[in-house]
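Student: Below you'll find the structure I mean.
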Amino acid sequence: MKPLACLSLVCLALLSSTAMAAVVVGSKIFTEGYVLGELAAQTIESAKPPVAVVRKLGMGSTGILFQALNSGAIDVYSDYTGTLAEAILKNPNLKSVTEIRAALLKTGIVISAPLGFDNTYALAVREDFAQRNGLRTISDLIRLRDSLRTGFSYEFMDRQDGYPGLAQRYRLGLDPAHVNRMEHSLTYQAIAQGAVDVIDVYSTDAKIREFKLRVLTDNLGYFPSYQAVWVARAAFVAQHPAQWQALRGWENHLSQSTMQDLNAQVDLDKRSVAQVISGFRGTSATTDTIAAQIGRRTLEHLWLVGVSLAFSLLVGVPLGIVAARRPRAGQIILTFSAITQTVPSLALLCFLIPVFGVGTKPALAALCLYSLLPVVLNTFTGLRSIDPKHVENARAFGLTPRQILVRIELPLASSALLTGIRTATIVSIGTATLAALVGAGGYGVPIVSGLSLNDVPTILTGAIPAALMAWAAHLGFNALGRVVIPAGLRAT
Amino acid sequence: MLVLEHISKSFDGKPVLTDVGLVVPKGATRALIGSSGSGKTTLLRITLRLIVPDQGSVRINDQPLSAFGPEAWADQIGYVPQDGGLFPHLTAEQNVTLVPRLRGWPPHQLRARITQLLQLVALEAELLRRFPHELSGGQKQRIAIMRAAMMDPAVMLLDEPMAALDPLIRSTLQQDLRAIFQRLGKTVLIVTHDLGEAVFLAEEVTLLHAGKVLQTGSYRDLLLAPADPFVTSFINAQRTLPDVAQLR
């Protein structure tokens with residue numbers, strides 16, 4: 001084995017990824033989240049004194065962003081008063097901004113005054129469907145309770161102020177078999193094609209107009225107020241007062257129609273978020289070129305893959321050796337690595353957030369755990385499949401156990417070992433795209449934002465480089481095999 | 001001189017060797033013969049120090065096994081495993097030089113010893129660059145003998161050296177082996193199940209059966225003065241070709 005080559009690759013990735021002290025802006029994973037996140041980023045960038053800004057847009061939903069804020073992984077993002085009261089403070093009775101601000105301040109979080117628009121949840125149906133069935137209010141849906149099919153987003157289904165509370169208040173009693181959960185950006189396609197009858201929308205969604213939907217009146221006044229505010233760490237406000245003042249400049253300056261318009265430019269006109277915000281602020285867009293973006297993400301991605309690869313070598317190979325030597329420990333090791341592999345990657349990322357916070361750490365931890373099984377298992381099988389007579393002969397020649405491992409067993413198992421490392425690498429190149437969901441960057445960033453903005457070209461700027469990297473890894477390992485695997489084994 | 005004295009060994013309470021004694025005088029070639037299950041492999045592994053006997057001792061030139069470290073003992077016994085036992089990932093040369101390199105031999109010493117041994121086993125130097133799968137059965141055995149002789153051991157131990165060879169090569173190699181042993185002047189123990197081979201290569205044979213030594217002696221002794229009825233039936237069981245008179 002020559003792990004030196006692999007290690008030097010990792011060191012290269014280490015050197016090129018340097019940490020810098022900058023303001024980190026996060027955002028939620030839907031169009032308005034990206035728009036407000038970019039608005040915050042550009043506002044901070046243009047405030048004096050200048051400060052570097054890192055964009056971690058589209059990180060996830062409220063829970064992940066708040067976790068990120070608390071751990072210091074991000075400094076500021078935008079959220080809504082209703083969400084803060086319900087999902088963070090767990091107290092829906094807090095109605096006024098003043099009450100919510102006071103409660104959050106105790107946890108070291110500062111919020112601005114409302115930015116001026118109210119993006120509440122609403123239920124929407126197709127205009128023709130509404131006319132045919134005489135639908136105006138949410139209560140009108142009760143008449144159709146047996147046949148009504150819904151396409152509700154995951155967050156709406158899971159939040160107490162979402163579907164569960166709504167169904168209770170309106171006594172909707174929908175057939176559970178017809179209550180479908182789906183990704184929010186896909187619900188519009190679903191309702192347009194008649195696959196579902198009613199979806200949850202945000203009242204500033206540009207697509208309400210595009211898809212000719214009718215928003216049903218909340219006749220019982222169920223949905224709380226969702227006024228957009230900036231949410232920031234108190235430490236950020238203290239360190240960058242000028243930047244915070246600049247952000248507060250937007251208070252009461254974004255109307256419902258302004259927001260709908262900005263969302264529409266991104267969703268309907270397919271313009272980039274950066275361009276839309278620059279146009280809105282009257283500045284020219286100073287975004288990275290695509291090449292620069294891909295370059296930066298390549299380094300981030302290499303860092304994620306490189307570290308997990310180094311981990312799988314330094315930990316997985318010795319574990320595989322122990323497993324092959326000691327049957328009882330081997331059972332435990334193999335079972336543990338197999339179990340980590342069966343946990344769905346998204347779930348594993350979520351489990352790791354409480355432990356590691358948000359950002360690169362949980363992503364690296366997940367990737368390390370994932371790359372473990374192929375390496376451990378292949379080391380184990382590689383060593384176990386060696387003809388025992390070779391080991392016995394080596395002992396008879398007076399080789400020490402260490403010499404037998406290094407000179408006989410590992411070279412004989414090198415082909416299996418390399419296959420394990422190759423599998424681990426290619427799996428982690430693919431899995432690392434999910435790291436964007438916890439703000440770890442990499443090729444997953446354009447994939448995740450492209451998915452939530454329903455923007456295929458953006459998805460491709462992440463997907464194609466990821467595929468190319470996997471292909472390059474494949475070729476690289478073929479070349480490495482010619483160096484590492486002894487010629488006497490390759491020919492047979 | 002190789003001396004095995006009062007060796008007994010049981011696995012899970014089942015005796016495999018019972019009070020086995022064997023003496024190979026210095027410079028002599030001895031064959032250890034027996035059918036499978038006779039305990040000859042266990043005796044071989046005890047001699048190689050791969051397993052420890054329940055009782056008894058192994059000595060080389062009057063020094064007990066316990067007086068040597070594991071490496072020093074291995075260097076005293078030049079071992080030729082079944083089918084040569086070359087490591088498939090190493091070239092013939094790497095196989096031959098594996099142990100001396102670990103002992104820190106300088107290159108000129110390695111070269112000199114290789115030249116010497118190539119002559120002994122009658123092989124071309126070019127073959128050393130090949131991997132085991134590129135060598136014939138006879139060539140593999142000769143490389144394995146070179147490897148065993150590298151450290152200039154006191155004793156050579158060969159395990160079924162001809163088992164995997166076809167008859168013509170086997171016959172050539174048997175004659176060469178006899179010459180090699182004579183030239184080396186080493187104490188040699190050959191483990192085999194083939195009486196013809198044993199008699200051809202060794203002055204005396206030791207017949208092992210069910211974990212006990214039945215008889216040690218020349219072929220003549222075994223044939224004319226069998227110590228046990230099994231000795232006779234073992235000799236008779238060796239299939240010989242019918243001669244011309246029988247065919248007519």
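Order determines the names: the first chain of the structure tokens is A, the second B, and so forth; residues in each chain are numbered 1 upward, and ligands are numbered 1 upward as they are shown.
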Kindly assemble as JSON lines a list of the chain B residues that lie within 10 Å of chain A, each paired with its nearest atom pair and their distance in Å to one decimal, using only C-alpha atoms, sorted first by chain and then by ascending residue number.
Tutor:
{"residue": "B:Arg45", "atom": "CA", "partner": "A:Ala396", "partner_atom": "CA", "distance": 8.5}
{"residue": "B:Thr47", "atom": "CA", "partner": "A:Ala396", "partner_atom": "CA", "distance": 9.6}
{"residue": "B:Leu48", "atom": "CA", "partner": "A:Ala396", "partner_atom": "CA", "distance": 5.8}
{"residue": "B:Arg49", "atom": "CA", "partner": "A:Ala396", "partner_atom": "CA", "distance": 7.3}
{"residue": "B:Leu50", "atom": "CA", "partner": "A:Ala396", "partner_atom": "CA", "distance": 6.6}
{"residue": "B:Gly69", "atom": "CA", "partner": "A:Gly398", "partner_atom": "CA", "distance": 9.3}
{"residue": "B:Pro70", "atom": "CA", "partner": "A:Gly398", "partner_atom": "CA", "distance": 5.9}
{"residue": "B:Glu71", "atom": "CA", "partner": "A:Gly398", "partner_atom": "CA", "distance": 4.5}
{"residue": "B:Ala72", "atom": "CA", "partner": "A:Gly398", "partner_atom": "CA", "distance": 7.7}
{"residue": "B:Trp73", "atom": "CA", "partner": "A:Gly398", "partner_atom": "CA", "distance": 7.6}
{"residue": "B:Ala74", "atom": "CA", "partner": "A:Gly398", "partner_atom": "CA", "distance": 5.0}
{"residue": "B:Asp75", "atom": "CA", "partner": "A:Phe397", "partner_atom": "CA", "distance": 7.3}
{"residue": "B:Gln76", "atom": "CA", "partner": "A:Phe397", "partner_atom": "CA", "distance": 9.9}
{"residue": "B:Ile77", "atom": "CA", "partner": "A:Phe397", "partner_atom": "CA", "distance": 8.4}
{"residue": "B:Gly78", "atom": "CA", "partner": "A:Phe397", "partner_atom": "CA", "distance": 8.1}
{"residue": "B:Tyr79", "atom": "CA", "partner": "A:Phe397", "partner_atom": "CA", "distance": 7.3}
{"residue": "B:Val80", "atom": "CA", "partner": "A:Asn393", "partner_atom": "CA", "distance": 9.0}
{"residue": "B:Pro81", "atom": "CA", "partner": "A:Asn393", "partner_atom": "CA", "distance": 7.1}
{"residue": "B:Gln82", "atom": "CA", "partner": "A:Lys389", "partner_atom": "CA", "distance": 9.5}
{"residue": "B:Gly85", "atom": "CA", "partner": "A:His390", "partner_atom": "CA", "distance": 7.1}
{"residue": "B:Leu86", "atom": "CA", "partner": "A:His390", "partner_atom": "CA", "distance": 8.2}
{"residue": "B:Phe87", "atom": "CA", "partner": "A:His390", "partner_atom": "CA", "distance": 6.7}
{"residue": "B:Pro88", "atom": "CA", "partner": "A:Gly488", "partner_atom": "CA", "distance": 5.9}
{"residue": "B:His89", "atom": "CA", "partner": "A:Gly488", "partner_atom": "CA", "distance": 4.6}
{"residue": "B:Leu90", "atom": "CA", "partner": "A:Gly488", "partner_atom": "CA", "distance": 6.4}
{"residue": "B:Thr91", "atom": "CA", "partner": "A:Gly488", "partner_atom": "CA", "distance": 7.2}
{"residue": "B:Leu98", "atom": "CA", "partner": "A:Arg407", "partner_atom": "CA", "distance": 9.1}
{"residue": "B:Val99", "atom": "CA", "partner": "A:Phe397", "partner_atom": "CA", "distance": 7.2}
{"residue": "B:Leu102", "atom": "CA", "partner": "A:Leu399", "partner_atom": "CA", "distance": 8.5}
{"residue": "B:Arg130", "atom": "CA", "partner": "A:Gly488", "partner_atom": "CA", "distance": 8.6}
{"residue": "B:Phe131", "atom": "CA", "partner": "A:Gly488", "partner_atom": "CA", "distance": 5.5}
{"residue": "B:Pro132", "atom": "CA", "partner": "A:Gly488", "partner_atom": "CA", "distance": 7.5}
{"residue": "B:His133", "atom": "CA", "partner": "A:Thr492", "partner_atom": "CA", "distance": 7.4}
{"residue": "B:Glu134", "atom": "CA", "partner": "A:Gly488", "partner_atom": "CA", "distance": 8.9}
{"residue": "B:Arg147", "atom": "CA", "partner": "A:Phe397", "partner_atom": "CA", "distance": 9.7}
{"residue": "B:Ala148", "atom": "CA", "partner": "A:Phe397", "partner_atom": "CA", "distance": 8.6}
Student: Excluding range 108-111 of chain A and its own-chain neighbours fewer than 5 positions away, which residues fall within 7 Å of it when counting only C-alpha atoms? Please give them as a PyMOL selection string.
Tutor: chain A and resi 101+229-234
Student: Please provide as a list in words all residues within 10 Å of Leu186 in chain A, with the sequence filter that same-chain residues fewer than 6 positions apart are discarded (counting only C-alpha atoms).
Tutor: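 Returned residues: Gly151, Phe152, Ser153, Leu451, Ser452, Leu453 and Asn454 of chain A.
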Student: What is the distance, in Å and to one decimal place, between CA of Val191 in chain B and CA of Pro100 in chain B?
Tutor: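 Straight-line distance from CA of Val191 in chain B to CA of Pro100 in chain B works out to 25.4 Å.
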Student: Counting only C-alpha atoms, what is within 9 Å of Leu309 in chain A, bar same-chain residues fewer than 4 positions away, as a ChimeraX atom specification?
Tutor: /A:6-7,10,304-305,313-314,367-368,371-372,421,424-425,428
Student: What is the distance between CA of Pro374 in chain A and CA of Leu352 in chain A, in Å to one decimal?
Tutor: 20.9 Å
Student: Can you tell me, as a PyMOL selection string, what residues are no more than 9 Å from range 23-33 of chain B when counting only C-alpha atoms, ignoring any on the same chain fewer than 4 positions away?
Tutor: chain B and resi 1-5+38+40+61+154-155+181-182+184-195+197-199+201-209
Student: Taking 2 positions as the minimum chain separation for residues in the same chain, which residues sit within 12 Å of Arg111 in chain B when counting only C-alpha atoms? Answer as a ChimeraX atom specification.
Tutor: /B:93,96-97,100-101,105-109,113-118,125,128,150
Student: Could you give me, as a list in words, the residues within 10 Å of Arg170 in chain B, counting only C-alpha atoms and dropping anything in the same chain fewer than 4 positions from it?
Tutor: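 Near Arg170 in chain B, the qualifying residues are Gly137, Gly138, Pro161, Met162, Ala163, Ala164, Leu165, Asp166, Gln174, Gln175, Asp176 and Glu197 of chain B.
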Student: Using backbone DSSP assignments, extract all alpha helix (DSSP H) residues from range 97-193 of chain B; output them as a ChimeraX atom specification.
Tutor: /B:97-102,107-121,137-149,167-184
Student: Put those residues in a file: N, CA and C atoms, as a compact mmCIF listing (two decimals), in the first residue's frame.
Tutor:
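As written to disk, again21.txt reads:
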# COMPACT_ATOMS: atom_id res chain seq x y z
N THR B 97 15.14 -13.01 -1.71
CA THR B 97 15.88 -12.06 -0.86
C THR B 97 15.05 -11.51 0.29
N LEU B 98 13.79 -11.96 0.42
CA LEU B 98 12.90 -11.39 1.44
C LEU B 98 13.54 -11.41 2.83
N VAL B 99 13.93 -12.59 3.29
CA VAL B 99 14.46 -12.69 4.66
C VAL B 99 15.83 -12.01 4.80
N PRO B 100 16.81 -12.28 3.90
CA PRO B 100 18.10 -11.59 4.07
C PRO B 100 17.98 -10.07 4.06
N ARG B 101 17.06 -9.51 3.25
CA ARG B 101 16.86 -8.06 3.28
C ARG B 101 16.39 -7.60 4.65
N LEU B 102 15.44 -8.39 5.23
CA LEU B 102 14.94 -8.02 6.56
C LEU B 102 16.07 -8.10 7.59
N PRO B 107 23.71 -5.10 -0.51
CA PRO B 107 23.44 -5.60 -1.88
C PRO B 107 24.54 -6.53 -2.40
N HIS B 108 25.81 -6.22 -2.13
CA HIS B 108 26.86 -7.06 -2.72
C HIS B 108 26.83 -8.47 -2.13
N GLN B 109 26.46 -8.57 -0.86
CA GLN B 109 26.36 -9.89 -0.23
C GLN B 109 25.20 -10.67 -0.85
N LEU B 110 24.05 -9.95 -1.07
CA LEU B 110 22.89 -10.60 -1.70
C LEU B 110 23.28 -11.12 -3.08
N ARG B 111 23.97 -10.27 -3.87
CA ARG B 111 24.33 -10.66 -5.24
C ARG B 111 25.23 -11.89 -5.24
N ALA B 112 26.22 -11.87 -4.35
CA ALA B 112 27.17 -12.98 -4.32
C ALA B 112 26.46 -14.30 -3.97
N ARG B 113 25.58 -14.24 -2.98
CA ARG B 113 24.88 -15.45 -2.56
C ARG B 113 23.95 -15.95 -3.66
N ILE B 114 23.27 -15.01 -4.35
CA ILE B 114 22.36 -15.41 -5.42
C ILE B 114 23.14 -16.11 -6.53
N THR B 115 24.28 -15.55 -6.91
CA THR B 115 25.09 -16.15 -7.98
C THR B 115 25.48 -17.58 -7.62
N GLN B 116 25.91 -17.74 -6.38
CA GLN B 116 26.30 -19.05 -5.86
C GLN B 116 25.14 -20.06 -5.97
N LEU B 117 23.96 -19.63 -5.50
CA LEU B 117 22.83 -20.55 -5.42
C LEU B 117 22.21 -20.82 -6.79
N LEU B 118 22.27 -19.83 -7.72
CA LEU B 118 21.76 -20.07 -9.07
C LEU B 118 22.51 -21.24 -9.70
N GLN B 119 23.81 -21.27 -9.47
CA GLN B 119 24.63 -22.37 -10.00
C GLN B 119 24.19 -23.69 -9.37
N LEU B 120 23.98 -23.65 -8.08
CA LEU B 120 23.61 -24.86 -7.36
C LEU B 120 22.32 -25.47 -7.91
N VAL B 121 21.29 -24.62 -8.12
CA VAL B 121 20.00 -25.16 -8.55
C VAL B 121 19.88 -25.16 -10.08
N GLY B 137 6.52 -25.48 -12.75
CA GLY B 137 6.53 -26.12 -11.44
C GLY B 137 7.94 -26.42 -10.95
N GLY B 138 8.79 -26.93 -11.85
CA GLY B 138 10.15 -27.27 -11.47
C GLY B 138 10.96 -26.02 -11.13
N GLN B 139 10.74 -24.95 -11.92
CA GLN B 139 11.46 -23.70 -11.65
C GLN B 139 11.06 -23.13 -10.30
N LYS B 140 9.74 -23.22 -9.99
CA LYS B 140 9.28 -22.71 -8.70
C LYS B 140 9.98 -23.44 -7.56
N GLN B 141 10.09 -24.79 -7.69
CA GLN B 141 10.75 -25.57 -6.64
C GLN B 141 12.20 -25.16 -6.47
N ARG B 142 12.88 -24.92 -7.60
CA ARG B 142 14.30 -24.55 -7.52
C ARG B 142 14.45 -23.17 -6.86
N ILE B 143 13.55 -22.23 -7.22
CA ILE B 143 13.59 -20.91 -6.57
C ILE B 143 13.33 -21.08 -5.06
N ALA B 144 12.37 -21.96 -4.73
CA ALA B 144 12.05 -22.17 -3.31
C ALA B 144 13.24 -22.75 -2.56
N ILE B 145 14.01 -23.61 -3.25
CA ILE B 145 15.20 -24.18 -2.60
C ILE B 145 16.27 -23.11 -2.41
N MET B 146 16.40 -22.22 -3.43
CA MET B 146 17.32 -21.08 -3.28
C MET B 146 16.94 -20.25 -2.07
N ARG B 147 15.62 -19.97 -1.97
CA ARG B 147 15.14 -19.13 -0.87
C ARG B 147 15.47 -19.79 0.47
N ALA B 148 15.27 -21.12 0.53
CA ALA B 148 15.50 -21.83 1.79
C ALA B 148 16.98 -21.84 2.16
N ALA B 149 17.85 -21.84 1.12
CA ALA B 149 19.28 -21.97 1.39
C ALA B 149 19.97 -20.63 1.62
N PRO B 167 5.37 -36.39 -13.91
CA PRO B 167 6.37 -37.44 -13.67
C PRO B 167 7.74 -37.18 -14.25
N LEU B 168 7.82 -36.62 -15.50
CA LEU B 168 9.13 -36.42 -16.11
C LEU B 168 9.93 -35.38 -15.35
N ILE B 169 9.29 -34.24 -15.05
CA ILE B 169 9.96 -33.17 -14.32
C ILE B 169 10.34 -33.67 -12.94
N ARG B 170 9.43 -34.46 -12.36
CA ARG B 170 9.66 -35.00 -11.03
C ARG B 170 10.94 -35.83 -11.01
N SER B 171 11.09 -36.66 -12.01
CA SER B 171 12.26 -37.53 -12.06
C SER B 171 13.54 -36.71 -12.20
N THR B 172 13.51 -35.68 -13.10
CA THR B 172 14.69 -34.82 -13.26
C THR B 172 15.02 -34.12 -11.96
N LEU B 173 13.97 -33.55 -11.33
CA LEU B 173 14.20 -32.77 -10.12
C LEU B 173 14.71 -33.64 -8.99
N GLN B 174 14.19 -34.90 -8.94
CA GLN B 174 14.66 -35.81 -7.89
C GLN B 174 16.16 -36.02 -8.00
N GLN B 175 16.60 -36.22 -9.25
CA GLN B 175 18.05 -36.44 -9.43
C GLN B 175 18.83 -35.18 -9.08
N ASP B 176 18.29 -34.02 -9.49
CA ASP B 176 18.97 -32.76 -9.19
C ASP B 176 19.02 -32.54 -7.69
N LEU B 177 17.87 -32.85 -7.01
CA LEU B 177 17.81 -32.63 -5.57
C LEU B 177 18.90 -33.43 -4.86
N ARG B 178 19.05 -34.68 -5.31
CA ARG B 178 20.04 -35.53 -4.66
C ARG B 178 21.43 -34.90 -4.81
N ALA B 179 21.69 -34.39 -6.03
CA ALA B 179 22.99 -33.73 -6.27
C ALA B 179 23.13 -32.47 -5.42
N ILE B 180 22.04 -31.69 -5.35
CA ILE B 180 22.08 -30.45 -4.57
C ILE B 180 22.39 -30.75 -3.11
N PHE B 181 21.69 -31.76 -2.56
CA PHE B 181 21.91 -32.10 -1.15
C PHE B 181 23.35 -32.53 -0.91
N GLN B 182 23.87 -33.30 -1.88
CA GLN B 182 25.26 -33.76 -1.72
C GLN B 182 26.21 -32.59 -1.71
N ARG B 183 25.96 -31.64 -2.65
CA ARG B 183 26.88 -30.50 -2.74
C ARG B 183 26.75 -29.58 -1.53
N LEU B 184 25.50 -29.40 -1.03
CA LEU B 184 25.29 -28.52 0.12
C LEU B 184 25.86 -29.13 1.39
Student: Quick one: DSSP strand (DSSP E) residues in range 170-313 of chain A, as a PDB file with C-alpha atoms, in the first residue's frame?
Tutor:
ATOM      1  CA  VAL A 179     -53.226  14.248   2.397  1.00  0.00           C
ATOM      2  CA  ASN A 180     -49.980  14.188   0.394  1.00  0.00           C
ATOM      3  CA  ARG A 181     -46.671  15.644   1.539  1.00  0.00           C
ATOM      4  CA  MET A 182     -44.296  16.951  -1.089  1.00  0.00           C
ATOM      5  CA  VAL A 198     -55.376  22.208  -2.697  1.00  0.00           C
ATOM      6  CA  ILE A 199     -51.869  23.301  -1.691  1.00  0.00           C
ATOM      7  CA  ASP A 200     -50.332  25.491   0.974  1.00  0.00           C
ATOM      8  CA  VAL A 201     -48.800  28.737  -0.330  1.00  0.00           C
ATOM      9  CA  TYR A 202     -47.048  31.767   1.057  1.00  0.00           C
ATOM     10  CA  LEU A 213     -54.692  30.037  -8.178  1.00  0.00           C
ATOM     11  CA  ARG A 214     -57.321  31.374  -5.798  1.00  0.00           C
ATOM     12  CA  VAL A 215     -56.195  31.995  -2.210  1.00  0.00           C
ATOM     13  CA  ALA A 228     -40.554  39.297   7.905  1.00  0.00           C
ATOM     14  CA  VAL A 229     -37.735  40.470  10.199  1.00  0.00           C
ATOM     15  CA  TRP A 230     -33.945  40.185  10.256  1.00  0.00           C
ATOM     16  CA  VAL A 231     -32.753  37.709  12.888  1.00  0.00           C
ATOM     17  CA  ALA A 232     -29.170  38.166  14.077  1.00  0.00           C
ATOM     18  CA  ARG A 233     -26.754  37.079  16.782  1.00  0.00           C
TER      19      ARG A 233
END
Student: Rounded to one decimal place, report the CA of Arg281 in chain A-CA of Gly116 in chain A distance in Å.
Tutor: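 So the answer is 16.4 Å.
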